[in-house]
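> coords_33.cif is reproduced in full below (mmCIF, C-alpha atoms and all ligand atoms).
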```
data_structure
#
loop_
_atom_site.label_atom_id
_atom_site.label_comp_id
_atom_site.auth_asym_id
_atom_site.auth_seq_id
_atom_site.Cartn_x
_atom_site.Cartn_y
_atom_site.Cartn_z
CA MET J 79 0.00 0.00 0.00
CA GLY J 80 1.31 3.44 -0.96
CA THR J 81 0.93 6.66 0.94
CA ARG J 82 -2.66 7.89 0.71
CA VAL J 83 -2.97 11.41 -0.68
CA ALA J 84 -6.07 13.55 -1.18
CA ILE J 85 -6.77 16.77 -3.06
CA ALA J 86 -9.15 19.55 -2.02
CA GLY J 87 -9.94 21.65 -5.10
CA ALA J 88 -9.33 18.82 -7.57
CA SER J 89 -11.65 20.39 -10.16
CA GLY J 90 -9.43 23.44 -10.64
CA TYR J 91 -6.44 23.88 -12.91
CA ALA J 92 -3.88 23.32 -10.15
CA GLY J 93 -5.97 20.44 -8.78
CA GLY J 94 -6.19 18.89 -12.26
CA GLU J 95 -2.43 19.02 -12.68
CA LEU J 96 -2.04 17.49 -9.22
CA LEU J 97 -4.38 14.68 -10.26
CA ARG J 98 -2.32 14.07 -13.40
CA LEU J 99 0.87 13.82 -11.35
CA LEU J 100 -0.59 11.79 -8.48
CA VAL J 101 -2.15 9.03 -10.59
CA ALA J 102 1.27 8.45 -12.20
CA HIS J 103 3.21 8.68 -8.89
CA PRO J 104 4.65 5.25 -7.97
CA GLU J 105 4.38 5.74 -4.19
CA PHE J 106 0.97 7.39 -3.89
CA GLU J 107 -2.50 5.95 -3.66
CA LEU J 108 -5.30 8.40 -4.46
CA GLY J 109 -7.75 9.18 -1.67
CA ALA J 110 -10.55 11.77 -1.86
CA VAL J 111 -10.55 14.22 -4.76
CA THR J 112 -12.92 16.93 -3.67
CA ALA J 113 -14.61 19.80 -5.49
CA HIS J 114 -16.95 22.63 -4.61
CA SER J 115 -19.59 23.37 -7.31
CA GLN J 116 -18.44 20.27 -9.27
CA ALA J 117 -18.84 17.81 -6.36
CA GLY J 118 -20.50 14.66 -7.72
CA ALA J 119 -19.56 15.39 -11.35
CA PRO J 120 -17.37 12.97 -13.32
CA VAL J 121 -13.67 13.91 -13.08
CA THR J 122 -13.36 13.55 -16.87
CA SER J 123 -16.19 16.04 -17.44
CA VAL J 124 -13.81 18.72 -16.12
CA HIS J 125 -10.47 17.08 -16.94
CA PRO J 126 -11.08 15.08 -20.15
CA HIS J 127 -7.32 14.53 -20.54
CA LEU J 128 -7.24 12.32 -17.40
CA ALA J 129 -8.54 9.17 -19.12
CA THR J 130 -7.51 6.75 -16.35
CA LEU J 131 -9.95 8.52 -14.02
CA ALA J 132 -12.98 7.70 -16.19
CA GLY J 133 -15.76 6.42 -13.94
CA ARG J 134 -14.57 8.42 -10.94
CA ASN J 135 -16.57 11.41 -9.62
CA PHE J 136 -15.45 14.39 -7.55
CA ASP J 137 -16.10 13.91 -3.85
CA ALA J 138 -17.80 16.39 -1.54
CA ALA J 139 -15.24 18.29 0.55
CA THR J 140 -15.96 16.82 3.99
CA PRO J 141 -13.38 16.59 6.81
CA ALA J 142 -14.03 12.83 6.95
CA ALA J 143 -13.21 12.32 3.25
CA LEU J 144 -10.03 14.40 3.36
CA GLY J 145 -9.00 13.25 6.85
CA ASP J 146 -8.71 9.66 5.61
CA ALA J 147 -5.43 10.57 3.84
CA ASP J 148 -1.84 10.69 5.07
CA LEU J 149 -1.26 13.95 3.19
CA VAL J 150 -3.73 16.45 1.75
CA PHE J 151 -3.02 18.93 -1.03
CA LEU J 152 -5.12 22.10 -0.79
CA ALA J 153 -5.71 23.73 -4.19
CA LEU J 154 -8.41 26.14 -3.09
CA PRO J 155 -9.06 29.85 -3.67
CA HIS J 156 -7.07 32.19 -1.44
CA GLY J 157 -8.64 32.44 2.01
CA GLU J 158 -10.20 28.93 2.01
CA SER J 159 -7.23 26.84 3.19
CA ALA J 160 -7.00 27.59 6.91
CA ALA J 161 -10.45 26.31 7.82
CA VAL J 162 -10.01 23.09 5.84
CA ALA J 163 -6.56 22.49 7.33
CA ALA J 164 -7.94 23.05 10.84
CA SER J 165 -10.68 20.45 10.25
CA LEU J 166 -8.16 17.66 9.55
CA PRO J 167 -6.81 15.18 12.15
CA ALA J 168 -3.44 16.25 13.60
CA HIS J 169 -1.49 13.40 11.97
CA VAL J 170 -2.49 14.45 8.42
CA LYS J 171 0.25 16.38 6.60
CA VAL J 172 -0.80 19.31 4.42
CA VAL J 173 0.67 21.07 1.39
CA ASP J 174 -1.21 24.28 0.55
CA LEU J 175 -0.92 25.55 -3.02
CA GLY J 176 -2.70 28.78 -2.10
CA ALA J 177 -1.23 31.94 -0.66
CA ASP J 178 -2.82 31.78 2.81
CA HIS J 179 0.26 30.57 4.71
CA ARG J 180 3.17 31.88 2.59
CA LEU J 181 3.79 35.32 4.05
CA THR J 182 5.48 35.85 7.40
CA ASP J 183 4.37 39.50 7.50
CA ALA J 184 0.72 39.69 8.56
CA ALA J 185 0.49 43.35 7.55
CA ALA J 186 1.60 42.49 4.01
CA TRP J 187 -1.10 39.81 3.83
CA THR J 188 -3.79 42.26 4.86
CA ALA J 189 -2.49 44.91 2.45
CA TYR J 190 -2.44 42.64 -0.61
CA TYR J 191 -5.10 39.99 0.10
CA GLY J 192 -7.34 41.64 2.68
CA GLY J 193 -8.67 40.22 5.94
CA GLU J 194 -6.83 38.55 8.75
CA HIS J 195 -3.66 36.55 8.18
CA ALA J 196 -3.96 32.82 8.96
CA GLY J 197 -0.27 32.50 9.93
CA ALA J 198 2.85 31.32 8.11
CA TRP J 199 3.76 27.69 7.43
CA THR J 200 7.14 26.31 6.29
CA TYR J 201 7.85 27.91 2.93
CA GLY J 202 7.80 25.36 0.12
CA LEU J 203 10.69 26.27 -2.16
CA PRO J 204 13.25 23.47 -1.65
CA GLU J 205 15.98 25.22 -3.69
CA LEU J 206 16.30 28.06 -1.16
CA PRO J 207 19.38 27.64 1.07
CA GLY J 208 18.53 25.40 4.04
CA GLN J 209 14.88 25.09 3.06
CA ARG J 210 14.92 21.47 1.86
CA GLU J 211 15.67 20.24 5.39
CA LYS J 212 12.93 22.42 6.90
CA ILE J 213 10.37 21.09 4.41
CA ALA J 214 11.42 17.49 5.12
CA ALA J 215 10.79 18.07 8.84
CA ALA J 216 7.49 19.96 8.38
CA THR J 217 3.91 18.78 8.68
CA HIS J 218 2.40 21.88 7.01
CA VAL J 219 4.01 23.47 3.96
CA ALA J 220 2.94 26.51 1.94
CA ALA J 221 3.95 26.01 -1.69
CA THR J 222 5.19 29.16 -3.39
CA GLY J 223 3.40 31.54 -5.73
CA CYS J 224 3.90 30.94 -9.45
CA TYR J 225 5.61 34.23 -10.35
CA VAL J 226 7.60 33.94 -7.13
CA VAL J 227 9.18 30.60 -8.06
CA ALA J 228 10.52 31.85 -11.40
CA SER J 229 11.63 35.24 -10.09
CA THR J 230 13.26 33.85 -6.93
CA LEU J 231 15.21 31.11 -8.67
CA ALA J 232 16.69 33.78 -10.98
CA LEU J 233 17.37 36.45 -8.37
CA ARG J 234 18.10 34.93 -4.95
CA PRO J 235 21.59 33.51 -5.72
CA LEU J 236 22.64 36.86 -7.19
CA ILE J 237 21.60 38.72 -4.02
CA ASP J 238 23.14 36.04 -1.78
CA ALA J 239 26.45 36.26 -3.68
CA GLY J 240 26.54 40.04 -3.21
CA LEU J 241 26.32 40.65 -6.96
CA ALA J 242 22.84 42.22 -7.24
CA ASP J 243 21.57 45.24 -5.30
CA PRO J 244 18.49 44.13 -3.30
CA ALA J 245 17.39 47.78 -3.23
CA ASP J 246 17.18 48.08 -7.03
CA VAL J 247 15.24 45.21 -8.59
CA VAL J 248 12.85 45.35 -11.55
CA ILE J 249 10.87 42.31 -12.67
CA VAL J 250 8.60 41.95 -15.71
CA ALA J 251 7.03 38.50 -15.91
CA ALA J 252 4.61 37.03 -18.42
CA SER J 253 2.14 34.30 -17.46
CA GLY J 254 -0.11 31.99 -19.40
CA THR J 255 -3.83 32.31 -18.73
CA SER J 256 -4.12 29.16 -16.58
CA GLY J 257 -2.32 31.15 -13.88
CA ALA J 258 -5.62 32.85 -13.19
CA GLY J 259 -7.44 29.58 -12.46
CA ARG J 260 -10.25 27.69 -14.15
CA THR J 261 -12.97 29.81 -12.64
CA ALA J 262 -11.32 32.90 -14.12
CA LYS J 263 -13.18 35.75 -15.67
CA ALA J 264 -14.45 35.57 -19.23
CA HIS J 265 -11.85 38.02 -20.50
CA LEU J 266 -9.14 35.43 -19.80
CA MET J 267 -10.81 32.87 -22.04
CA GLY J 268 -10.97 32.48 -25.77
CA SER J 269 -11.18 35.31 -28.23
CA GLU J 270 -10.35 38.22 -25.90
CA VAL J 271 -6.98 36.81 -24.87
CA MET J 272 -5.88 35.53 -28.26
CA GLY J 273 -3.57 37.86 -30.15
CA ASP J 274 -3.19 40.09 -27.09
CA VAL J 275 -0.50 40.75 -24.47
CA SER J 276 -1.35 43.04 -21.57
CA ALA J 277 0.08 44.25 -18.28
CA TYR J 278 -2.17 44.01 -15.21
CA LYS J 279 -2.11 44.76 -11.45
CA VAL J 280 0.79 47.11 -12.28
CA GLY J 281 2.53 48.18 -9.08
CA ALA J 282 -0.03 46.31 -7.03
CA HIS J 283 0.43 42.57 -7.55
CA GLN J 284 0.01 40.31 -4.52
CA HIS J 285 3.24 38.43 -5.26
CA THR J 286 5.34 41.57 -4.63
CA PRO J 287 5.74 40.98 -0.85
CA GLU J 288 6.30 37.27 -1.40
CA ILE J 289 9.10 37.88 -3.94
CA LYS J 290 10.71 40.29 -1.48
CA GLN J 291 10.41 37.75 1.34
CA ALA J 292 11.86 34.91 -0.76
CA THR J 293 14.71 36.85 -2.38
CA GLY J 294 15.72 39.47 0.18
CA ALA J 295 14.95 42.28 -2.28
CA THR J 296 14.08 45.46 -0.37
CA SER J 297 12.82 47.54 -3.29
CA LEU J 298 10.99 45.82 -6.13
CA CYS J 299 9.12 47.09 -9.17
CA PHE J 300 7.09 44.07 -10.38
CA THR J 301 4.96 44.12 -13.53
CA PRO J 302 2.98 41.00 -14.45
CA VAL J 303 1.93 40.46 -18.05
CA LEU J 304 -0.83 38.21 -19.36
CA ALA J 305 0.25 36.25 -22.45
CA PRO J 306 -1.90 34.19 -24.84
CA LEU J 307 -0.53 30.82 -23.69
CA PRO J 308 -2.31 28.06 -21.77
CA ARG J 309 0.71 27.55 -19.47
CA GLY J 310 4.11 29.04 -18.76
CA ILE J 311 5.84 31.88 -16.94
CA LEU J 312 8.80 33.83 -18.27
CA SER J 313 10.24 36.13 -15.63
CA THR J 314 12.79 38.77 -16.63
CA VAL J 315 14.62 40.10 -13.60
CA THR J 316 16.98 43.06 -13.76
CA ALA J 317 19.03 44.48 -10.90
CA ARG J 318 21.80 46.99 -10.38
CA PRO J 319 25.18 45.27 -10.00
CA LEU J 320 26.82 45.87 -6.63
CA ARG J 321 30.32 45.68 -8.09
CA PRO J 322 31.72 47.84 -10.91
CA GLY J 323 32.96 45.76 -13.84
CA LEU J 324 30.88 42.71 -12.87
CA SER J 325 31.05 40.23 -15.76
CA SER J 326 28.42 37.99 -17.31
CA ASP J 327 30.61 35.00 -16.45
CA GLU J 328 30.53 35.87 -12.74
CA VAL J 329 26.74 36.18 -12.81
CA ARG J 330 26.33 32.88 -14.65
CA GLN J 331 28.79 31.20 -12.28
CA ALA J 332 26.75 32.34 -9.27
CA LEU J 333 23.66 30.65 -10.72
CA GLN J 334 25.61 27.55 -11.69
CA ALA J 335 27.10 27.26 -8.20
CA ALA J 336 23.70 27.66 -6.55
CA TYR J 337 22.03 25.00 -8.69
CA ALA J 338 24.86 22.53 -9.45
CA ASP J 339 23.14 19.76 -7.47
CA GLU J 340 19.52 20.74 -8.15
CA PRO J 341 17.66 18.21 -10.29
CA PHE J 342 14.99 20.62 -11.50
CA VAL J 343 16.92 23.86 -12.07
CA HIS J 344 18.92 24.15 -15.28
CA VAL J 345 21.25 27.02 -16.09
CA LEU J 346 21.34 26.98 -19.89
CA PRO J 347 24.54 27.08 -21.94
CA GLU J 348 25.82 30.60 -22.57
CA GLY J 349 23.84 32.45 -25.22
CA ARG J 350 20.71 30.27 -24.96
CA TRP J 351 17.75 31.94 -23.31
CA PRO J 352 14.86 30.24 -21.49
CA ARG J 353 11.58 29.57 -23.25
CA THR J 354 8.37 28.49 -21.60
CA ALA J 355 7.73 25.75 -24.21
CA SER J 356 10.76 23.79 -22.96
CA THR J 357 9.27 23.53 -19.45
CA PHE J 358 5.68 22.67 -20.49
CA GLY J 359 4.36 19.80 -18.35
CA THR J 360 7.56 19.56 -16.29
CA ASN J 361 8.80 20.51 -12.84
CA SER J 362 11.87 22.16 -14.37
CA ALA J 363 13.05 25.75 -14.32
CA HIS J 364 15.37 27.04 -17.07
CA LEU J 365 17.65 29.98 -16.26
CA GLN J 366 20.06 32.31 -18.04
CA ALA J 367 21.75 35.55 -17.00
CA THR J 368 24.07 38.23 -18.30
CA VAL J 369 25.28 41.75 -17.56
CA ASP J 370 23.79 44.36 -19.86
CA LEU J 371 26.83 46.58 -20.21
CA ASP J 372 24.96 49.42 -21.93
CA ALA J 373 22.32 49.68 -19.21
CA GLY J 374 24.67 48.72 -16.38
CA ARG J 375 22.25 46.10 -15.08
CA ILE J 376 22.20 42.38 -14.42
CA THR J 377 19.53 40.61 -16.46
CA ALA J 378 18.39 37.14 -15.42
CA VAL J 379 15.57 35.21 -17.08
CA ALA J 380 13.67 32.17 -15.79
CA ALA J 381 11.06 29.98 -17.47
CA ILE J 382 8.75 27.54 -15.70
CA ASP J 383 5.39 25.87 -16.23
CA ASN J 384 3.09 27.78 -13.84
CA LEU J 385 1.10 24.60 -13.18
CA GLY J 386 4.31 22.52 -12.79
CA LYS J 387 7.16 24.11 -10.84
CA GLY J 388 4.79 27.04 -10.24
CA ALA J 389 2.09 24.96 -8.53
CA ALA J 390 1.37 21.20 -8.63
CA GLY J 391 4.90 19.99 -9.42
CA GLN J 392 6.37 22.11 -6.66
CA ALA J 393 3.72 20.79 -4.25
CA VAL J 394 4.52 17.17 -5.11
CA GLN J 395 8.26 17.91 -4.74
CA CYS J 396 7.53 19.21 -1.22
CA ALA J 397 5.28 16.22 -0.43
CA ASN J 398 8.05 13.83 -1.52
CA LEU J 399 10.42 15.54 0.92
CA MET J 400 7.84 15.54 3.75
CA LEU J 401 7.24 11.82 3.25
CA GLY J 402 10.93 10.85 3.06
CA LEU J 403 10.76 9.91 -0.63
CA PRO J 404 13.34 10.80 -3.28
CA GLU J 405 12.51 14.38 -4.18
CA THR J 406 12.13 13.74 -7.91
CA THR J 407 9.66 10.84 -7.58
CA GLY J 408 6.78 11.15 -10.04
CA LEU J 409 8.03 14.44 -11.53
CA ALA J 410 9.22 15.18 -15.06
CA ILE J 411 12.48 16.99 -15.76
CA ASN J 412 12.37 16.73 -19.57
CA GLY J 413 9.66 18.49 -21.54
CA VAL J 414 7.67 17.72 -24.69
CA ALA J 415 8.57 19.16 -28.06
CA PRO J 416 7.76 20.44 -30.57
N1 LIG F 501 -3.22 28.32 -11.56
C1 LIG F 501 -1.95 28.45 -11.19
O1 LIG F 501 -1.03 28.56 -12.04
C2 LIG F 501 -1.58 28.43 -9.76
C3 LIG F 501 -2.49 28.31 -8.74
N2 LIG F 501 -2.09 28.29 -7.44
C4 LIG F 501 -3.05 28.27 -6.35
O2 LIG F 501 -3.82 27.10 -6.32
C5 LIG F 501 -5.11 27.40 -5.82
C6 LIG F 501 -6.13 26.93 -6.85
O3 LIG F 501 -5.88 27.66 -8.04
P1 LIG F 501 -6.48 27.22 -9.44
O4 LIG F 501 -6.51 25.76 -9.55
O5 LIG F 501 -5.76 28.01 -10.42
O6 LIG F 501 -7.98 27.76 -9.28
P2 LIG F 501 -9.31 27.24 -10.01
O7 LIG F 501 -10.23 28.39 -10.01
O8 LIG F 501 -8.95 26.59 -11.28
O9 LIG F 501 -9.85 26.12 -9.01
C7 LIG F 501 -10.35 26.43 -7.74
C8 LIG F 501 -10.74 25.15 -7.01
O10 LIG F 501 -11.28 25.48 -5.75
C9 LIG F 501 -12.66 25.09 -5.68
N3 LIG F 501 -13.44 26.15 -5.04
C10 LIG F 501 -13.93 27.29 -5.59
N4 LIG F 501 -14.55 28.04 -4.66
C11 LIG F 501 -14.47 27.37 -3.51
C12 LIG F 501 -14.90 27.61 -2.18
N5 LIG F 501 -15.58 28.72 -1.86
N6 LIG F 501 -14.64 26.68 -1.24
C13 LIG F 501 -13.97 25.56 -1.54
N7 LIG F 501 -13.53 25.25 -2.79
C14 LIG F 501 -13.76 26.16 -3.74
C15 LIG F 501 -13.09 24.88 -7.10
O11 LIG F 501 -14.15 23.91 -7.09
P3 LIG F 501 -15.33 23.89 -8.20
O12 LIG F 501 -14.66 24.07 -9.53
O13 LIG F 501 -15.89 22.52 -8.02
O14 LIG F 501 -16.28 24.97 -7.85
C16 LIG F 501 -11.80 24.36 -7.74
O15 LIG F 501 -11.63 22.98 -7.44
C17 LIG F 501 -5.18 28.90 -5.58
O16 LIG F 501 -4.93 29.19 -4.24
C18 LIG F 501 -4.06 29.41 -6.45
O17 LIG F 501 -3.53 30.60 -5.98
C19 LIG F 501 -0.78 28.31 -7.13
C20 LIG F 501 0.17 28.45 -8.08
C21 LIG F 501 -0.16 28.57 -9.48
C1 LIG F 502 -2.40 35.12 -14.99
C2 LIG F 502 -2.93 35.43 -13.61
O1 LIG F 502 -3.93 36.10 -13.44
N1 LIG F 502 -2.24 34.93 -12.59
C3 LIG F 502 -2.63 35.12 -11.23
C4 LIG F 502 -1.69 34.25 -10.44
C5 LIG F 502 -1.76 34.46 -9.00
C6 LIG F 502 -2.23 33.31 -8.18
O2 LIG F 502 -3.29 33.29 -7.63
O3 LIG F 502 -1.41 32.28 -8.08
P1 LIG F 502 -0.60 31.91 -6.85
O4 LIG F 502 -1.25 30.80 -6.16
O5 LIG F 502 0.67 31.50 -7.48
O6 LIG F 502 -0.46 33.03 -5.87
C7 LIG F 502 -2.53 36.58 -10.81
O7 LIG F 502 -1.71 37.30 -11.33
O8 LIG F 502 -3.25 36.99 -9.87
#
```
What is this file in structure tokens?
Ligand SMILES: NC(=O)C1=CN([C@@H]2O[C@H](COP(=O)(O)OP(=O)(O)OC[C@H]3O[C@@H](n4cnc5c(N)ncnc54)[C@H](OP(=O)(O)O)[C@@H]3O)[C@@H](O)[C@H]2O)C=CC1
Ligand SMILES: CC(=O)N[C@@H](CCC(=O)OP(=O)(O)O)C(=O)O

Amino acid sequence: MGTRVAIAGASGYAGGELLRLLVAHPEFELGAVTAHSQAGAPVTSVHPHLATLAGRNFDAATPAALGDADLVFLALPHGESAAVAASLPAHVKVVDLGADHRLTDAAAWTAYYGGEHAGAWTYGLPELPGQREKIAAATHVAATGCYVVASTLALRPLIDAGLADPADVVIVAASGTSGAGRTAKAHLMGSEVMGDVSAYKVGAHQHTPEIKQATGATSLCFTPVLAPLPRGILSTVTARPLRPGLSSDEVRQALQAAYADEPFVHVLPEGRWPRTASTFGTNSAHLQATVDLDAGRITAVAAIDNLGKGAAGQAVQCANLMLGLPETTGLAINGVAP
């Protein structure tokens, strides 16, 4: 018998990607897969690509159904996780894909999400220094925000190495439409998003405090961009170099040193820049960096799949650690092409 895992919010985009990963995971046995408005509906009516789940229906989200698992993934709208987590037996481990337990600063939560902060859990980005061990020892983990994963993997080693000025960071990041969720507004679907690229929540995006928390940046100008893709995030991070004459080689070497032993983070060969298509359906992040000599700025670019390393893949990576399994179990490193 494998470890029993359940999903709350299995009818959403993140929940659907979790389902896809969990049914193929060699150590997991699927427990309850709960939905809200779709409770009782066939799983394949919402996720027709999950053919092996034909005949299975979404469960109602009761504490008894979810509490029967060893580990529960919460893929619920922001603000819904704390109550569900509190209803579970104490021995059940939890990985939350939502934002509720990511921020350590309660005032930042209230400013960007509104309402009262539910409290911080262990932060679920294993590639941060020392974080893998904390995740492995944790019972409750808050998986990171999608833009935050890409931006942090590109920026954090450069701040840690003393190469990038944490007080002068600019990030422009494009996301595919699935980042907004399945229950997203009509303008994110179909004809209105095709052939269009647009900035949104300019200077006011809720991932701004989380990127600062995860990277150590103290001043950040973050502009998210909606791109006509189903999946993918491409984050372009620029920062002022802290050392005159800093070379591209030094910047690349800082990334290479930080990720030399990381199975999912790939610093590309010099001159090749990340593309979201290469990470589609994977838990990988592709990175590249240089120094823009004309502008006098470091430029680092990261690509991920927002539903992979940005959500469900990252959550499974954390669950593997929490359950003492090899971290890569059930997760893809290589993508699909063309
Ligand atoms: N999409 C992404 O790229 C990423 C998403 N996340 C996070 O994952 C979580 C889910 O996101 P996503 O899958 O995109 O969202 P979706 O809108 O696609 O799915 C939301 C899920 O929550 C359920 N739900 C809706 N309202 C309620 C409610 N009031 N109470 C309980 N359940 C409810 C829905 O059920 P039903 O459909 O049956 O009504 C559905 O299963 C969010 O916290 C999001 O921030 C994290 C990283 C990236
Ligand atoms: C394209 C799009 O709209 N994206 C969403 C992603 C944020 C989100 O809710 O995801 P996290 O769980 O990663 O915080 C947004 O910008 O609000």
> Report as a tab-separated table: every residue of chain J with an atom at most 7 Å from ligand LIG 501 (chain F), its closest pair of atoms, and their distance in Å to one decimal, counting all atoms listed in the file, with rows sorted by chain and ascending residue number.

```
residue	atom	partner	partner_atom	distance
J:Ala86	CA	F:LIG501	O15	6.9
J:Gly87	CA	F:LIG501	O15	3.2
J:Ala88	CA	F:LIG501	O15	4.8
J:Ser89	CA	F:LIG501	O15	3.8
J:Gly90	CA	F:LIG501	O9	3.2
J:Tyr91	CA	F:LIG501	O4	3.9
J:Ala92	CA	F:LIG501	O4	3.6
J:Gly93	CA	F:LIG501	O4	5.4
J:Ala113	CA	F:LIG501	O13	3.9
J:His114	CA	F:LIG501	O13	3.6
J:Ser115	CA	F:LIG501	O14	3.7
J:Gln116	CA	F:LIG501	O13	3.6
J:Ala117	CA	F:LIG501	O13	5.8
J:Ala153	CA	F:LIG501	C5	4.1
J:Leu154	CA	F:LIG501	O10	4.0
J:Pro155	CA	F:LIG501	O16	4.2
J:His156	CA	F:LIG501	O16	4.6
J:Glu158	CA	F:LIG501	N6	5.9
J:Leu175	CA	F:LIG501	O2	4.7
J:Gly176	CA	F:LIG501	O16	3.1
J:Ala177	CA	F:LIG501	O16	5.8
J:Thr222	CA	F:LIG501	C20	6.9
J:Gly223	CA	F:LIG501	C20	5.1
J:Cys224	CA	F:LIG501	C20	4.7
J:Ser256	CA	F:LIG501	N1	5.2
J:Gly257	CA	F:LIG501	O1	3.4
J:Ala258	CA	F:LIG501	N1	5.4
J:Gly259	CA	F:LIG501	O5	3.1
J:Arg260	CA	F:LIG501	O8	3.3
J:Thr261	CA	F:LIG501	O7	4.1
J:Ala262	CA	F:LIG501	O7	6.2
J:Asn384	CA	F:LIG501	O1	4.6
J:Leu385	CA	F:LIG501	O1	4.6
J:Gly388	CA	F:LIG501	C21	5.2
J:Ala389	CA	F:LIG501	C20	4.0
```
> Using CA of Ala215 in chain J and CA of Ala161 in chain J as the two end points, give the distance in Å to one decimal.
22.8 Å
> Take CA of Pro126 in chain J and CA of Leu100 in chain J and report the distance between them in Å, one decimal.
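Between these atoms lies a distance of 16.0 Å.
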> Write out as a PyMOL selection string which residues come within 9 Å of range 132-147 of chain J when counting all atoms listed in the file, dropping same-chain ones fewer than 5 positions away.
chain J and resi 81-89+108-114+116-122+126+162+165-167+170-171
> Quick one: residues within 10 Å of Ala102 in chain J, all atoms listed in the file counted, chain neighbours fewer than 6 positions away excluded, as a ChimeraX atom specification?
/J:130,407-409
> Taking (5.1, 37.6, 2.8) as a centre in this file's frame and 8 Å as the limit, can you find every polymer residue with an atom that close, using only C-alpha atoms, and give them as a ChimeraX atom specification?
/J:180-184,186-187,287-291
> Name all residues at most 10 Å from Ser229 in chain J (count only C-alpha atoms; drop same-chain ones fewer than 4 positions away) and give them as a CSV table (one decimal) with C-alpha atoms, keeping the file's coordinate frame.

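Just written: out-v4.csv:
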```csv
chain,number,residue,atom,x,y,z
J,224,CYS,CA,3.9,30.9,-9.4
J,225,TYR,CA,5.6,34.2,-10.4
J,233,LEU,CA,17.4,36.4,-8.4
J,234,ARG,CA,18.1,34.9,-5.0
J,249,ILE,CA,10.9,42.3,-12.7
J,250,VAL,CA,8.6,42.0,-15.7
J,251,ALA,CA,7.0,38.5,-15.9
J,289,ILE,CA,9.1,37.9,-3.9
J,292,ALA,CA,11.9,34.9,-0.8
J,293,THR,CA,14.7,36.8,-2.4
J,300,PHE,CA,7.1,44.1,-10.4
J,311,ILE,CA,5.8,31.9,-16.9
J,312,LEU,CA,8.8,33.8,-18.3
J,313,SER,CA,10.2,36.1,-15.6
J,314,THR,CA,12.8,38.8,-16.6
J,315,VAL,CA,14.6,40.1,-13.6
J,378,ALA,CA,18.4,37.1,-15.4
J,379,VAL,CA,15.6,35.2,-17.1
J,380,ALA,CA,13.7,32.2,-15.8
J,381,ALA,CA,11.1,30.0,-17.5
J,382,ILE,CA,8.8,27.5,-15.7
```
> So the first atom is CA of Ser253 in chain J and the second is atom C4 of ligand LIG 502 (chain F); what is the distance between them in Å, to one decimal place?
8.0 Å
> What lies within 10 Å of Cys299 in chain J using all atoms listed in the file, ignoring chain neighbours under 6 positions off, as a ChimeraX atom specification?
/J:246-250,280-283,286,315-316
> Could you write out that same residue set with C-alpha atoms as a PDB file, in the frame of the given file?

```
ATOM      1  CA  ASP J 246      17.180  48.080  -7.030  1.00  0.00           C
ATOM      2  CA  VAL J 247      15.240  45.210  -8.590  1.00  0.00           C
ATOM      3  CA  VAL J 248      12.850  45.350 -11.550  1.00  0.00           C
ATOM      4  CA  ILE J 249      10.870  42.310 -12.670  1.00  0.00           C
ATOM      5  CA  VAL J 250       8.600  41.950 -15.710  1.00  0.00           C
ATOM      6  CA  VAL J 280       0.790  47.110 -12.280  1.00  0.00           C
ATOM      7  CA  GLY J 281       2.530  48.180  -9.080  1.00  0.00           C
ATOM      8  CA  ALA J 282      -0.030  46.310  -7.030  1.00  0.00           C
ATOM      9  CA  HIS J 283       0.430  42.570  -7.550  1.00  0.00           C
ATOM     10  CA  THR J 286       5.340  41.570  -4.630  1.00  0.00           C
ATOM     11  CA  VAL J 315      14.620  40.100 -13.600  1.00  0.00           C
ATOM     12  CA  THR J 316      16.980  43.060 -13.760  1.00  0.00           C
TER      13      THR J 316
END
```
> List the neighbours of range 199-201 of chain J out to 8 Å using all atoms listed in the file; skip same-chain residues closer than 4 positions along the sequence, and give me the result as a ChimeraX atom specification.
/J:179-180,209,212-213,216,218-222
> Kindly indicate which residue among J:Gly157, J:Gly273, J:Pro204, J:Gly413 lies nearest to ligand LIG 502 (chain F), using only C-alpha atoms and all ligand atoms for the distances.
J:Gly157
> Between J:Leu231, J:Val173, J:Ala252, J:Ala196, single out the one closest to ligand LIG 502 (chain F), counting all atoms listed in the file.
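Ranking J:Leu231, J:Val173, J:Ala252, J:Ala196 by distance to ligand LIG 502 (chain F), first place goes to J:Ala252.
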> Smallest atom-to-atom distance to ligand LIG 502 (chain F): which of J:Gln392, J:Thr368, J:Thr188, J:Asn361, using only C-alpha atoms and all ligand atoms?
J:Gln392
> Which residue out of J:Gln284, J:Leu298, J:Ser123, J:Arg309 has the minimum interatomic distance to Ala189 in chain J when only C-alpha atoms are used?
J:Gln284
> Taking all atoms listed in the file into account, which of J:Gly349, J:Gly254, J:Pro322, J:Gly268 comes nearest Asp383 in chain J?
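Looking only at the distances to Asp383 in chain J, the closest residue turns out to be J:Gly254.
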> Just checking: using all atoms listed in the file, which residue out of J:Leu333, J:Gly323, J:Thr406, J:Gly208 ends up closest to Asp372 in chain J?
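The answer is J:Gly323, which sits nearest to Asp372 in chain J.
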